[in-house]
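Raw contents of work.csv, CSV, C-alpha atoms and all ligand atoms:
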chain,number,residue,atom,x,y,z
A,1,MET,CA,25.8,6.1,-17.3
A,2,LEU,CA,25.1,8.8,-19.8
A,3,THR,CA,24.9,12.5,-19.0
A,4,CYS,CA,21.5,14.0,-19.8
A,5,GLN,CA,21.1,14.3,-23.6
A,6,ARG,CA,18.2,16.7,-23.6
A,7,HIS,CA,20.1,19.2,-25.7
A,8,LEU,CA,19.6,16.8,-28.7
A,9,PHE,CA,15.8,17.0,-28.3
A,10,ASP,CA,13.3,19.7,-28.6
A,11,ILE,CA,11.7,19.3,-25.2
A,12,PRO,CA,10.7,22.5,-23.4
A,13,ASP,CA,12.0,22.8,-19.8
A,14,ASP,CA,8.5,22.7,-18.4
A,15,VAL,CA,7.6,19.4,-20.0
A,16,ALA,CA,8.4,16.2,-18.0
A,17,TYR,CA,8.0,13.7,-20.8
A,18,LEU,CA,8.3,10.2,-19.2
A,19,ASN,CA,6.4,8.3,-21.9
A,20,CYS,CA,8.8,6.8,-24.4
A,21,ALA,CA,6.8,3.5,-24.2
A,22,TYR,CA,4.0,5.5,-25.9
A,23,MET,CA,6.1,7.4,-28.5
A,24,SER,CA,9.6,8.7,-28.3
A,25,PRO,CA,10.3,12.3,-29.3
A,26,LEU,CA,12.3,12.5,-32.6
A,27,MET,CA,15.7,14.0,-31.8
A,28,LYS,CA,16.8,17.1,-33.7
A,29,PRO,CA,19.4,15.4,-35.9
A,30,ALA,CA,16.9,12.7,-36.9
A,31,LEU,CA,14.3,15.3,-37.6
A,32,GLU,CA,16.8,17.1,-39.8
A,33,ALA,CA,17.7,13.9,-41.7
A,34,GLY,CA,14.0,13.2,-42.2
A,35,THR,CA,13.2,16.7,-43.3
A,36,THR,CA,16.1,16.7,-45.8
A,37,GLY,CA,14.9,13.4,-47.1
A,38,LEU,CA,11.3,14.6,-47.5
A,39,ALA,CA,12.5,17.7,-49.3
A,40,ARG,CA,14.2,15.6,-51.9
A,41,LYS,CA,10.8,14.8,-53.3
A,42,ALA,CA,10.5,18.4,-54.4
A,43,HIS,CA,13.2,17.7,-57.0
A,44,PRO,CA,12.6,14.2,-58.2
A,45,TRP,CA,14.9,14.6,-61.1
A,46,GLN,CA,17.7,14.5,-58.6
A,47,ILE,CA,16.6,11.1,-57.2
A,48,THR,CA,18.5,8.4,-59.0
A,49,PRO,CA,17.6,4.7,-59.2
A,50,ASP,CA,20.5,3.6,-57.0
A,51,GLN,CA,19.2,5.8,-54.2
A,52,PHE,CA,16.2,3.4,-53.9
A,53,PHE,CA,18.8,0.9,-52.6
A,54,THR,CA,21.5,2.9,-50.8
A,55,GLY,CA,19.2,4.2,-48.0
A,56,ALA,CA,17.6,0.8,-47.5
A,57,GLU,CA,20.9,-0.9,-47.3
A,58,GLU,CA,22.2,1.6,-44.7
A,59,PHE,CA,19.0,1.0,-42.7
A,60,ARG,CA,19.7,-2.7,-42.8
A,61,SER,CA,23.3,-2.5,-41.7
A,62,VAL,CA,22.6,-0.1,-38.8
A,63,ALA,CA,19.6,-2.1,-37.6
A,64,ALA,CA,21.7,-5.3,-37.8
A,65,ARG,CA,24.3,-3.8,-35.4
A,66,LEU,CA,21.6,-3.1,-32.9
A,67,LEU,CA,20.4,-6.8,-33.1
A,68,ASP,CA,24.0,-8.3,-33.3
A,69,SER,CA,23.0,-9.7,-36.7
A,70,SER,CA,23.9,-9.1,-40.3
A,71,ALA,CA,22.3,-6.8,-42.9
A,72,ASP,CA,21.2,-9.7,-45.0
A,73,CYS,CA,18.8,-10.8,-42.2
A,74,ILE,CA,17.0,-7.5,-42.0
A,75,ALA,CA,13.8,-6.6,-43.8
A,76,ILE,CA,12.1,-3.2,-43.7
A,77,VAL,CA,8.5,-3.2,-42.5
A,78,PRO,CA,5.9,-0.5,-41.7
A,79,SER,CA,4.9,-1.9,-38.3
A,80,ALA,CA,5.2,-4.6,-35.8
A,81,SER,CA,2.0,-6.2,-36.9
A,82,TYR,CA,3.4,-6.5,-40.5
A,83,GLY,CA,6.5,-8.3,-39.2
A,84,ILE,CA,4.4,-10.6,-37.1
A,85,ALA,CA,2.1,-11.3,-40.1
A,86,ALA,CA,5.2,-12.4,-42.1
A,87,ALA,CA,6.3,-14.7,-39.4
A,88,ALA,CA,2.7,-16.1,-39.0
A,89,ARG,CA,2.6,-16.8,-42.7
A,90,ASN,CA,5.7,-18.9,-42.6
A,91,VAL,CA,6.1,-20.9,-39.4
A,92,PRO,CA,4.4,-24.3,-39.6
A,93,ILE,CA,1.5,-24.9,-37.3
A,94,ASN,CA,-0.5,-28.1,-37.3
A,95,LYS,CA,-3.8,-29.2,-36.0
A,96,GLY,CA,-3.7,-29.8,-32.3
A,97,GLN,CA,-0.6,-27.7,-31.7
A,98,SER,CA,-0.6,-24.4,-29.9
A,99,VAL,CA,0.9,-20.9,-30.2
A,100,LEU,CA,2.1,-19.5,-26.9
A,101,VAL,CA,1.3,-15.8,-26.0
A,102,LEU,CA,1.3,-13.9,-22.8
A,103,GLU,CA,-1.9,-12.8,-21.0
A,104,GLU,CA,-2.7,-9.2,-22.1
A,105,GLN,CA,-0.1,-9.3,-24.9
A,106,PHE,CA,-0.1,-6.4,-27.3
A,107,PRO,CA,-2.6,-7.0,-30.2
A,108,SER,CA,0.0,-6.7,-32.9
A,109,ASN,CA,1.5,-9.9,-31.7
A,110,TYR,CA,-1.8,-11.6,-31.1
A,111,TYR,CA,-4.4,-11.2,-33.9
A,112,SER,CA,-2.2,-12.8,-36.6
A,113,TRP,CA,-1.8,-15.9,-34.4
A,114,LEU,CA,-5.5,-15.9,-33.6
A,115,ARG,CA,-6.2,-16.1,-37.3
A,116,ARG,CA,-3.5,-18.8,-37.9
A,117,VAL,CA,-4.8,-21.1,-35.2
A,118,ALA,CA,-8.3,-20.8,-36.5
A,119,GLU,CA,-7.1,-21.7,-40.0
A,120,THR,CA,-5.1,-24.7,-38.8
A,121,GLY,CA,-7.1,-26.2,-36.0
A,122,ALA,CA,-4.5,-25.3,-33.5
A,123,SER,CA,-5.1,-23.2,-30.4
A,124,LEU,CA,-3.7,-20.2,-28.5
A,125,LYS,CA,-2.1,-21.1,-25.2
A,126,VAL,CA,-2.1,-18.0,-23.0
A,127,VAL,CA,0.5,-17.7,-20.2
A,128,ALA,CA,-1.4,-16.4,-17.2
A,129,TRP,CA,-0.1,-13.3,-15.5
A,130,PRO,CA,2.3,-14.7,-12.8
A,131,GLU,CA,1.6,-13.5,-9.3
A,132,ASP,CA,5.3,-13.4,-8.6
A,133,ASN,CA,5.9,-11.4,-11.8
A,134,ASP,CA,8.3,-14.0,-13.0
A,135,TRP,CA,7.3,-14.2,-16.7
A,136,THR,CA,10.3,-16.2,-17.6
A,137,ALA,CA,9.4,-19.1,-15.2
A,138,ALA,CA,5.8,-18.9,-16.3
A,139,VAL,CA,6.8,-19.2,-20.0
A,140,LEU,CA,9.3,-22.0,-19.4
A,141,ASN,CA,6.6,-23.9,-17.6
A,142,SER,CA,4.2,-23.5,-20.5
A,143,LEU,CA,6.7,-24.6,-23.2
A,144,THR,CA,5.5,-28.1,-23.6
A,145,ASP,CA,5.7,-30.4,-26.7
A,146,ASP,CA,2.4,-29.1,-28.1
A,147,VAL,CA,3.8,-25.6,-28.6
A,148,ALA,CA,4.6,-24.9,-32.3
A,149,VAL,CA,5.4,-21.2,-31.9
A,150,ALA,CA,6.2,-19.0,-28.9
A,151,ALA,CA,5.1,-15.5,-29.9
A,152,LEU,CA,6.5,-13.3,-27.2
A,153,PRO,CA,7.9,-9.9,-26.3
A,154,HIS,CA,11.2,-9.1,-24.4
A,155,VAL,CA,9.3,-6.8,-22.1
A,156,GLN,CA,5.6,-7.1,-21.3
A,157,TRP,CA,4.1,-3.8,-22.4
A,158,THR,CA,1.9,-2.8,-19.4
A,159,SER,CA,4.0,-4.1,-16.5
A,160,GLY,CA,7.6,-3.8,-17.8
A,161,GLY,CA,7.9,-7.5,-16.9
A,162,ARG,CA,11.1,-8.8,-18.5
A,163,LEU,CA,11.7,-12.2,-20.1
A,164,ASP,CA,15.0,-14.0,-20.1
A,165,LEU,CA,15.0,-14.7,-23.8
A,166,VAL,CA,18.2,-16.7,-23.9
A,167,ARG,CA,16.6,-19.3,-21.6
A,168,VAL,CA,13.3,-19.1,-23.5
A,169,GLY,CA,15.2,-19.5,-26.8
A,170,GLU,CA,17.0,-22.6,-25.5
A,171,ALA,CA,13.7,-24.1,-24.3
A,172,CYS,CA,12.1,-23.5,-27.7
A,173,ARG,CA,14.9,-25.2,-29.5
A,174,LYS,CA,14.7,-28.2,-27.2
A,175,ILE,CA,11.0,-28.8,-28.1
A,176,GLY,CA,11.3,-27.7,-31.8
A,177,ALA,CA,9.1,-24.6,-31.3
A,178,ALA,CA,9.7,-21.5,-33.4
A,179,LEU,CA,10.4,-18.3,-31.5
A,180,VAL,CA,8.8,-15.1,-32.8
A,181,LEU,CA,9.6,-11.9,-31.0
A,182,ASP,CA,8.0,-8.4,-30.8
A,183,LEU,CA,10.9,-6.2,-29.5
A,184,THR,CA,9.0,-2.9,-29.9
A,185,GLN,CA,9.1,-2.2,-26.2
A,186,SER,CA,12.7,-3.1,-25.7
A,187,LEU,CA,15.0,-2.8,-28.7
A,188,GLY,CA,17.2,0.2,-28.2
A,189,ALA,CA,16.7,0.3,-24.5
A,190,LEU,CA,17.6,-3.2,-23.5
A,191,PRO,CA,20.6,-5.1,-24.9
A,192,PHE,CA,19.6,-7.9,-27.2
A,193,SER,CA,21.6,-10.3,-29.3
A,194,VAL,CA,20.2,-12.5,-32.1
A,195,ARG,CA,23.3,-14.7,-31.7
A,196,ASP,CA,22.4,-15.4,-28.0
A,197,VAL,CA,18.6,-15.7,-28.3
A,198,GLN,CA,18.4,-17.3,-31.8
A,199,PRO,CA,14.9,-16.3,-32.7
A,200,ASP,CA,13.2,-17.3,-35.9
A,201,PHE,CA,11.7,-13.8,-36.5
A,202,ALA,CA,12.0,-10.6,-34.4
A,203,VAL,CA,10.3,-7.3,-35.2
A,204,ALA,CA,10.5,-3.8,-33.7
A,205,ALA,CA,8.6,-0.7,-34.6
A,206,SER,CA,10.9,2.2,-34.7
A,207,TYR,CA,8.8,4.9,-33.1
A,208,LYS,CA,9.4,4.0,-29.4
A,209,TRP,CA,12.7,2.9,-28.0
A,210,LEU,CA,14.5,3.1,-31.4
A,211,LEU,CA,13.7,6.8,-31.3
A,212,GLY,CA,12.7,6.8,-34.9
A,213,PRO,CA,9.7,8.0,-36.9
A,214,TYR,CA,6.3,6.4,-37.1
A,215,SER,CA,5.4,3.8,-39.9
A,216,VAL,CA,8.8,2.1,-40.2
A,217,GLY,CA,10.4,-0.8,-38.4
A,218,LEU,CA,12.8,-3.6,-38.7
A,219,LEU,CA,12.2,-7.3,-39.1
A,220,TYR,CA,14.9,-9.9,-38.4
A,221,VAL,CA,14.5,-13.1,-40.4
A,222,ALA,CA,16.7,-16.1,-39.5
A,223,PRO,CA,18.5,-17.6,-42.4
A,224,LYS,CA,16.3,-20.8,-42.4
A,225,TRP,CA,13.2,-18.7,-43.2
A,226,GLN,CA,14.8,-16.5,-45.9
A,227,GLY,CA,13.3,-18.6,-48.6
A,228,GLY,CA,9.8,-18.0,-47.2
A,229,THR,CA,6.7,-16.3,-48.5
A,230,PRO,CA,6.4,-12.5,-48.0
A,231,VAL,CA,3.3,-10.7,-46.9
A,232,GLU,CA,3.1,-8.9,-50.3
A,233,GLU,CA,4.7,-9.2,-53.7
A,234,ASN,CA,6.3,-6.0,-54.9
A,235,TRP,CA,8.9,-5.1,-57.6
A,236,ILE,CA,11.7,-4.0,-55.3
A,237,GLN,CA,12.0,-7.3,-53.5
A,238,ARG,CA,12.8,-9.0,-56.8
A,239,ALA,CA,16.2,-10.0,-58.1
A,240,ASN,CA,16.0,-7.7,-61.1
A,241,ALA,CA,14.8,-4.6,-59.3
A,242,ARG,CA,18.1,-2.6,-59.8
A,243,ASP,CA,17.5,-2.5,-63.5
A,244,PHE,CA,14.6,-0.2,-63.9
A,245,SER,CA,14.3,-0.7,-67.6
A,246,SER,CA,13.7,-4.5,-67.3
A,247,LEU,CA,11.2,-4.7,-64.4
A,248,ILE,CA,8.6,-6.3,-66.6
A,249,LEU,CA,11.0,-9.1,-67.5
A,250,TYR,CA,9.1,-10.8,-64.6
A,251,THR,CA,11.2,-13.1,-62.5
A,252,GLU,CA,10.5,-15.7,-59.9
A,253,ASN,CA,13.7,-14.8,-58.1
A,254,TYR,CA,13.9,-12.5,-55.1
A,255,ASP,CA,16.7,-10.3,-53.9
A,256,GLU,CA,19.0,-11.9,-51.4
A,257,GLY,CA,18.4,-12.7,-47.7
A,258,ALA,CA,15.5,-11.2,-45.8
A,259,ARG,CA,14.9,-8.5,-48.5
A,260,ARG,CA,12.0,-10.5,-50.0
A,261,PHE,CA,10.1,-9.5,-46.8
A,262,ASP,CA,10.5,-5.8,-47.4
A,263,MET,CA,7.3,-3.8,-47.6
A,264,GLY,CA,6.3,-2.0,-50.8
A,265,GLU,CA,7.8,1.5,-51.2
A,266,ARG,CA,10.3,0.6,-48.5
A,267,SER,CA,12.8,3.1,-50.0
A,268,ASN,CA,11.1,5.9,-48.0
A,269,PHE,CA,13.3,9.0,-48.5
A,270,ALA,CA,12.0,10.7,-45.4
A,271,LEU,CA,11.5,7.9,-42.9
A,272,LEU,CA,14.6,5.8,-43.5
A,273,PRO,CA,17.2,8.6,-43.0
A,274,ALA,CA,15.5,9.6,-39.8
A,275,ALA,CA,15.3,6.1,-38.5
A,276,VAL,CA,19.0,5.5,-39.4
A,277,ARG,CA,20.1,8.7,-37.7
A,278,ALA,CA,18.3,7.7,-34.5
A,279,MET,CA,19.7,4.2,-34.5
A,280,LYS,CA,23.2,5.5,-35.1
A,281,GLN,CA,22.8,7.7,-32.0
A,282,LEU,CA,21.7,4.7,-30.0
A,283,LEU,CA,24.8,2.8,-31.1
A,284,GLU,CA,27.0,5.7,-30.2
A,285,TRP,CA,25.5,6.0,-26.8
A,286,ASP,CA,25.5,2.2,-26.4
A,287,VAL,CA,22.2,0.4,-25.6
A,288,ALA,CA,23.6,-0.9,-22.3
A,289,GLN,CA,24.3,2.7,-21.2
A,290,VAL,CA,20.8,3.8,-22.3
A,291,SER,CA,19.4,1.0,-20.2
A,292,GLU,CA,21.5,1.9,-17.2
A,293,THR,CA,20.6,5.6,-17.5
A,294,ALA,CA,16.8,5.1,-17.8
A,295,GLY,CA,17.1,2.4,-15.1
A,296,ALA,CA,18.8,4.7,-12.6
A,297,LEU,CA,16.0,7.2,-12.8
A,298,ASN,CA,13.4,4.5,-12.6
A,299,ARG,CA,15.0,3.1,-9.5
A,300,GLN,CA,14.9,6.5,-7.8
A,301,LEU,CA,11.3,6.9,-8.8
A,302,ALA,CA,10.3,3.4,-7.6
A,303,SER,CA,11.8,4.1,-4.2
A,304,ALA,CA,10.1,7.5,-3.9
A,305,ALA,CA,6.8,6.1,-5.1
A,306,ALA,CA,7.1,3.2,-2.6
A,307,ASN,CA,6.9,5.8,0.2
A,308,LEU,CA,3.6,6.9,-1.3
A,309,GLY,CA,2.1,3.5,-1.4
A,310,PHE,CA,2.9,2.5,-5.0
A,311,SER,CA,4.7,-0.7,-5.9
A,312,ALA,CA,6.4,-2.1,-8.9
A,313,PRO,CA,8.2,-5.4,-9.6
A,314,ALA,CA,11.9,-5.3,-8.9
A,315,GLU,CA,14.7,-5.8,-11.4
A,316,PRO,CA,15.6,-8.2,-13.0
A,317,LEU,CA,12.0,-9.3,-13.2
A,318,ARG,CA,11.3,-5.8,-14.5
A,319,ALA,CA,13.2,-4.2,-17.3
A,320,PRO,CA,15.2,-1.2,-16.1
A,321,HIS,CA,13.7,1.3,-18.6
A,322,TYR,CA,10.1,0.5,-17.7
A,323,LEU,CA,8.3,1.2,-14.5
A,324,ALA,CA,4.7,0.3,-13.9
A,325,LEU,CA,3.5,1.7,-10.6
A,326,ARG,CA,0.4,0.1,-8.9
A,327,ARG,CA,-1.2,0.7,-5.6
A,328,LYS,CA,-4.0,-1.0,-3.6
A,329,GLU,CA,-6.5,1.8,-4.2
A,330,ALA,CA,-7.7,2.4,-7.8
A,331,ILE,CA,-5.9,5.0,-9.9
A,332,PRO,CA,-8.1,8.1,-10.0
A,333,LYS,CA,-9.6,8.4,-13.5
A,334,GLU,CA,-8.8,12.1,-13.7
A,335,LEU,CA,-5.1,11.3,-13.2
A,336,PRO,CA,-4.1,11.7,-16.9
A,337,GLU,CA,-5.7,15.1,-17.2
A,338,MET,CA,-4.3,16.2,-13.9
A,339,LEU,CA,-0.8,15.1,-15.0
A,340,ALA,CA,-1.2,16.7,-18.4
A,341,ARG,CA,-2.2,20.0,-16.7
A,342,GLU,CA,1.1,19.8,-14.8
A,343,LYS,CA,2.9,18.9,-18.1
A,344,VAL,CA,3.9,15.6,-16.7
A,345,PHE,CA,3.4,12.9,-19.3
A,346,VAL,CA,3.1,9.2,-18.5
A,347,SER,CA,0.6,6.5,-19.6
A,348,ILE,CA,-2.1,4.8,-17.6
A,349,ARG,CA,-2.3,1.1,-18.7
A,350,GLY,CA,-4.9,-1.0,-16.9
A,351,SER,CA,-4.4,-0.3,-13.2
A,352,SER,CA,-0.8,0.9,-13.6
A,353,ILE,CA,0.9,4.2,-14.1
A,354,ARG,CA,3.5,3.4,-16.8
A,355,VAL,CA,6.7,5.5,-16.5
A,356,ALA,CA,9.1,5.2,-19.4
A,357,PRO,CA,12.0,7.7,-19.2
A,358,HIS,CA,14.9,8.1,-21.6
A,359,VAL,CA,18.3,9.8,-21.7
A,360,TYR,CA,16.6,13.2,-22.2
A,361,ASN,CA,14.9,13.1,-18.8
A,362,THR,CA,16.3,15.0,-15.8
A,363,ALA,CA,16.0,14.5,-12.1
A,364,GLU,CA,13.6,17.4,-12.1
A,365,ASP,CA,11.3,15.5,-14.4
A,366,GLY,CA,11.2,12.7,-11.9
A,367,ALA,CA,10.7,15.0,-9.0
A,368,ARG,CA,7.7,16.6,-10.7
A,369,LEU,CA,6.1,13.2,-11.2
A,370,ILE,CA,6.6,12.3,-7.6
A,371,ALA,CA,5.1,15.6,-6.5
A,372,CYS,CA,1.9,14.7,-8.5
A,373,LEU,CA,1.8,11.2,-7.0
A,374,ARG,CA,2.2,12.7,-3.5
A,375,ARG,CA,-0.9,14.9,-4.1
A,376,ILE,CA,-2.8,11.8,-5.3
A,377,ALA,CA,-1.7,9.8,-2.2
A,378,ALA,CA,-2.7,12.7,0.1
A,379,ALA,CA,-6.1,12.9,-1.6
A,380,GLY,CA,-6.8,9.2,-1.1
A,381,THR,CA,-8.6,7.7,-4.1
A,382,SER,CA,-9.4,11.0,-5.9
A,383,ALA,CA,-6.9,13.4,-7.4
B,1,LIG,C1,4.5,-4.3,-27.5
B,1,LIG,C2,4.1,-3.5,-28.7
B,1,LIG,N1,4.2,-3.9,-29.9
B,1,LIG,C3,3.9,-3.2,-31.0
B,1,LIG,C4,3.3,-1.9,-30.9
B,1,LIG,C5,3.0,-1.2,-32.1
B,1,LIG,O1,2.4,-2.1,-33.0
B,1,LIG,P1,2.3,-1.7,-34.6
B,1,LIG,O2,3.6,-1.3,-35.1
B,1,LIG,O3,1.7,-2.9,-35.2
B,1,LIG,O4,1.3,-0.5,-34.6
B,1,LIG,C6,3.1,-1.4,-29.6
B,1,LIG,C7,2.5,-0.1,-29.4
B,1,LIG,O5,2.2,0.3,-28.3
B,1,LIG,C8,3.5,-2.2,-28.5
B,1,LIG,O6,3.4,-1.7,-27.2
Using the file provided, produce a representation of the structure as structure tokens.
Ligand SMILES: Cc1ncc(COP(=O)(O)O)c(C=O)c1O
Amino acid sequence: MLTCQRHLFDIPDDVAYLNCAYMSPLMKPALEAGTTGLARKAHPWQITPDQFFTGAEEFRSVAARLLDSSADCIAIVPSASYGIAAAARNVPINKGQSVLVLEEQFPSNYYSWLRRVAETGASLKVVAWPEDNDWTAAVLNSLTDDVAVAALPHVQWTSGGRLDLVRVGEACRKIGAALVLDLTQSLGALPFSVRDVQPDFAVAASYKWLLGPYSVGLLYVAPKWQGGTPVEENWIQRANARDFSSLILYTENYDEGARRFDMGERSNFALLPAAVRAMKQLLEWDVAQVSETAGALNRQLASAAANLGFSAPAEPLRAPHYLALRRKEAIPKELPEMLAREKVFVSIRGSSIRVAPHVYNTAEDGARLIACLRRIAAAGTSA
């Protein structure tokens, strides 16, 4: 387990920020890297053509280490939805087939598929919320021959329900279905390996568990799709991009590997260094340790909250870093304001209180949340 890393973050002592699933705080060294990068635009004469490539390549190689992949398989994207759009444009879907999604799946991994099935005469197949919280079993039961694509997360975003992606990947390969993953609520906080899972595409926005800035993310593209069609055509994805003087010698050829899927203006001098610095820190901490550290606090919170009438799925059906507390009575609608007044920050998603700690949280942060829950429990249905 890691010792508390709050010193690396600018979080006042009286703020109990337990909401990484909403947005992580940018750590001081990442903010510094981003600020230095942004300031470079004040002196553009010092920005050389090769710098349009070096920062991007560093991003790719650091991201690849987090995914247990290679830099050639990584594209730079602005959002999870962009990465899913790239996948949806490329995986074949035929009339009568289906695309598998979870009930209440995050919209960024839903709407692109809704469009594709409408265009192709296929349909969406929605895995119903399993009463026993076993999403893996529910998905495996739904992976029948009609499924062309399984478009899934590693961790369900409202409940923290965790899928065993190694087993899901095996089942997809058996029926010839593509596996497209949205890892936004897991990568950086839950170990993941492209070698073990073998997805076709996997995307993660950087601003949550990758501890990076908003508007940048990574897209893994398996080698078999690297000859595919990108979402957009831009100059820097092309094979001749390094030679600025001959960009208008238009070429049909793209740069190597997954680079053809890069977004326009991917060489963002402010965002990339901040994202890279944060990912390097995660690698230094080790994702398994991050998971264990957040998980230990969540286990304590789950047991304290259980005494107050709140329940949550147990591990391993629930991811360690993610705790969604429910109770029989409704959650009072004033709860978010009440918690914010106490400077305790969590999210309310549906009928759950979503608690998402990280290595900057202290036992005191947890105790303050439990004190608030105790007051709610004492007040019955109103806060
Ligand atoms: C599961 C999941 N995917 C993706 C996102 C963000 O999507 P996008 O990057 O398309 O805005 C979120 C944000 O809450 C999320 O919870």
Could you give me the centre and size, in Å to one decimal, of an axis-aligned box around all listed atoms of ligand LIG 1 (chain B) with 8 Å added on every side, as lines of an AutoDock Vina configuration file?
center_x = 2.9
center_y = -2.0
center_z = -31.2
size_x = 19.2
size_y = 20.6
size_z = 24.0
Produce as a list in words the set of residues near ligand LIG 1 (chain B), where near means within 7 Å with all atoms listed in the file considered.
-> Ala21, Tyr22, Ser79, Ala80, Ser81, Tyr82, Phe106, Ser108, Asn109, Pro153, Gln156, Trp157, Asp182, Leu183, Thr184, Gln185 and Ala205 of chain A
Using C-alpha atoms, can you export the residues from the last selection as a PDB file, in the frame of the given file?
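File written: part_32.pdb
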ATOM      1  CA  ALA A  21       6.800   3.500 -24.200  1.00  0.00           C
ATOM      2  CA  TYR A  22       4.000   5.500 -25.900  1.00  0.00           C
ATOM      3  CA  SER A  79       4.900  -1.900 -38.300  1.00  0.00           C
ATOM      4  CA  ALA A  80       5.200  -4.600 -35.800  1.00  0.00           C
ATOM      5  CA  SER A  81       2.000  -6.200 -36.900  1.00  0.00           C
ATOM      6  CA  TYR A  82       3.400  -6.500 -40.500  1.00  0.00           C
ATOM      7  CA  PHE A 106      -0.100  -6.400 -27.300  1.00  0.00           C
ATOM      8  CA  SER A 108       0.000  -6.700 -32.900  1.00  0.00           C
ATOM      9  CA  ASN A 109       1.500  -9.900 -31.700  1.00  0.00           C
ATOM     10  CA  PRO A 153       7.900  -9.900 -26.300  1.00  0.00           C
ATOM     11  CA  GLN A 156       5.600  -7.100 -21.300  1.00  0.00           C
ATOM     12  CA  TRP A 157       4.100  -3.800 -22.400  1.00  0.00           C
ATOM     13  CA  ASP A 182       8.000  -8.400 -30.800  1.00  0.00           C
ATOM     14  CA  LEU A 183      10.900  -6.200 -29.500  1.00  0.00           C
ATOM     15  CA  THR A 184       9.000  -2.900 -29.900  1.00  0.00           C
ATOM     16  CA  GLN A 185       9.100  -2.200 -26.200  1.00  0.00           C
ATOM     17  CA  ALA A 205       8.600  -0.700 -34.600  1.00  0.00           C
TER      18      ALA A 205
END
Just the residues within 8 Å of segment 274-291 of chain A, please, counting all atoms listed in the file, with nothing from its chain fewer than 4 positions along; format it as a ChimeraX atom specification.
-> /A:1-2,26-27,29-34,58-59,62-63,65-66,188-191,206,210-213,216,270,295,320-321,358-359
For each of A:Arg162, A:Arg115, A:Arg354, A:Arg327, take the minimum atom-to-atom distance to Asn307 of chain A, counting all atoms listed in the file, then give the residue where this is smallest.
->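 When distances to Asn307 of chain A are compared using all atoms listed in the file, the smallest one comes from A:Arg327.
Between Tyr214 of chain A and the residues A:Val166, A:Met23, A:Ile11, A:Ala241, the shortest atom-to-atom distance, using all atoms listed in the file, involves A:Met23.
Checking A:Ala294, A:Val126, A:Asp72, A:Leu373 one by one against Tyr360 of chain A, counting all atoms listed in the file, you find the shortest gap at A:Ala294.
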Non-local contacts of Thr251 of chain A (9 Å; only C-alpha atoms; under 4 positions in same chain excluded) as JSON, numbers by chain = {"A": [238, 239, 240, 247]}
State, in Å with one decimal place, the distance from atom CA of Tyr254 of chain A to atom CA of Tyr220 of chain A.
->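 Calculated distance between atom CA of Tyr254 of chain A and atom CA of Tyr220 of chain A is 16.9 Å.
The residue that comes closest to Asp50 of chain A, out of A:Val139, A:Ser267, A:Leu100, A:Pro230 and on the basis of all atoms listed in the file, is A:Ser267.
Note that atom CA of Leu218 of chain A and atom CA of Ala148 of chain A are 23.7 Å apart.
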Between A:Arg173, A:Asn361, A:Ser159, A:Glu265, which is the closest to His7 of chain A once you count all atoms listed in the file?
->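 Going through A:Arg173, A:Asn361, A:Ser159, A:Glu265 one by one, the smallest distance to His7 of chain A is for A:Asn361.
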Can you pull out every residue within 6 Å of Arg318 of chain A, counting only C-alpha atoms, but drop anything in the same chain fewer than 4 positions away, and send it as a PyMOL selection string?
-> chain A and resi 160-162+313-314
Can you write just those residues out, C-alpha atoms, as a compact mmCIF listing (two decimals), keeping the file's coordinate frame?
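Listed below is the output, result26.txt:
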# COMPACT_ATOMS: atom_id res chain seq x y z
CA GLY A 160 7.60 -3.80 -17.80
CA GLY A 161 7.90 -7.50 -16.90
CA ARG A 162 11.10 -8.80 -18.50
CA PRO A 313 8.20 -5.40 -9.60
CA ALA A 314 11.90 -5.30 -8.90
Do you have the atom CA of Glu103 of chain A-atom CA of Leu163 of chain A distance handy?
->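 According to the coordinates, atom CA of Glu103 of chain A and atom CA of Leu163 of chain A are separated by 13.6 Å.
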Would you please work out which residue, of A:Lys343, A:Gly350, A:Ala118, A:Ala356, is nearest to Asp13 of chain A when using all atoms listed in the file?
->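 Of the candidates, the smallest distance to Asp13 of chain A is held by A:Lys343.
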Would you list the contacts of Leu308 of chain A as an NGL selection string, taking every protein, DNA or RNA residue within 8 Å and counting only C-alpha atoms, but skipping same-chain residues closer than 2 positions in sequence?
-> :A and (304-306 or 310 or 373-374 or 377)
Any chance you can output those residues with C-alpha atoms as a compact mmCIF listing (two decimals), in the frame of the given file?
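Output contents, as saved in again_17.txt:
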# COMPACT_ATOMS: atom_id res chain seq x y z
CA ALA A 304 10.10 7.50 -3.90
CA ALA A 305 6.80 6.10 -5.10
CA ALA A 306 7.10 3.20 -2.60
CA PHE A 310 2.90 2.50 -5.00
CA LEU A 373 1.80 11.20 -7.00
CA ARG A 374 2.20 12.70 -3.50
CA ALA A 377 -1.70 9.80 -2.20
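All protein, DNA and RNA residues at most 12 Å from (11.0, -18.7, -16.0) are Val127, Pro130, Asp132, Asn133, Asp134, Trp135, Thr136, Ala137, Ala138, Val139, Leu140, Asn141, Ser142, Leu143, Gly161, Arg162, Leu163, Asp164, Leu165, Val166, Arg167, Val168, Gly169, Glu170, Ala171, Pro316 and Leu317 of chain A, using only C-alpha atoms.
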8 Å contact set for Ala56 of chain A, only C-alpha atoms, chain neighbours under 6 positions out, as a ChimeraX atom specification = /A:76,266-267,272
May I have the selected residues written with C-alpha atoms, as a PDB file, in the coordinates of the input?
ATOM      1  CA  ILE A  76      12.100  -3.200 -43.700  1.00  0.00           C
ATOM      2  CA  ARG A 266      10.300   0.600 -48.500  1.00  0.00           C
ATOM      3  CA  SER A 267      12.800   3.100 -50.000  1.00  0.00           C
ATOM      4  CA  LEU A 272      14.600   5.800 -43.500  1.00  0.00           C
TER       5      LEU A 272
END
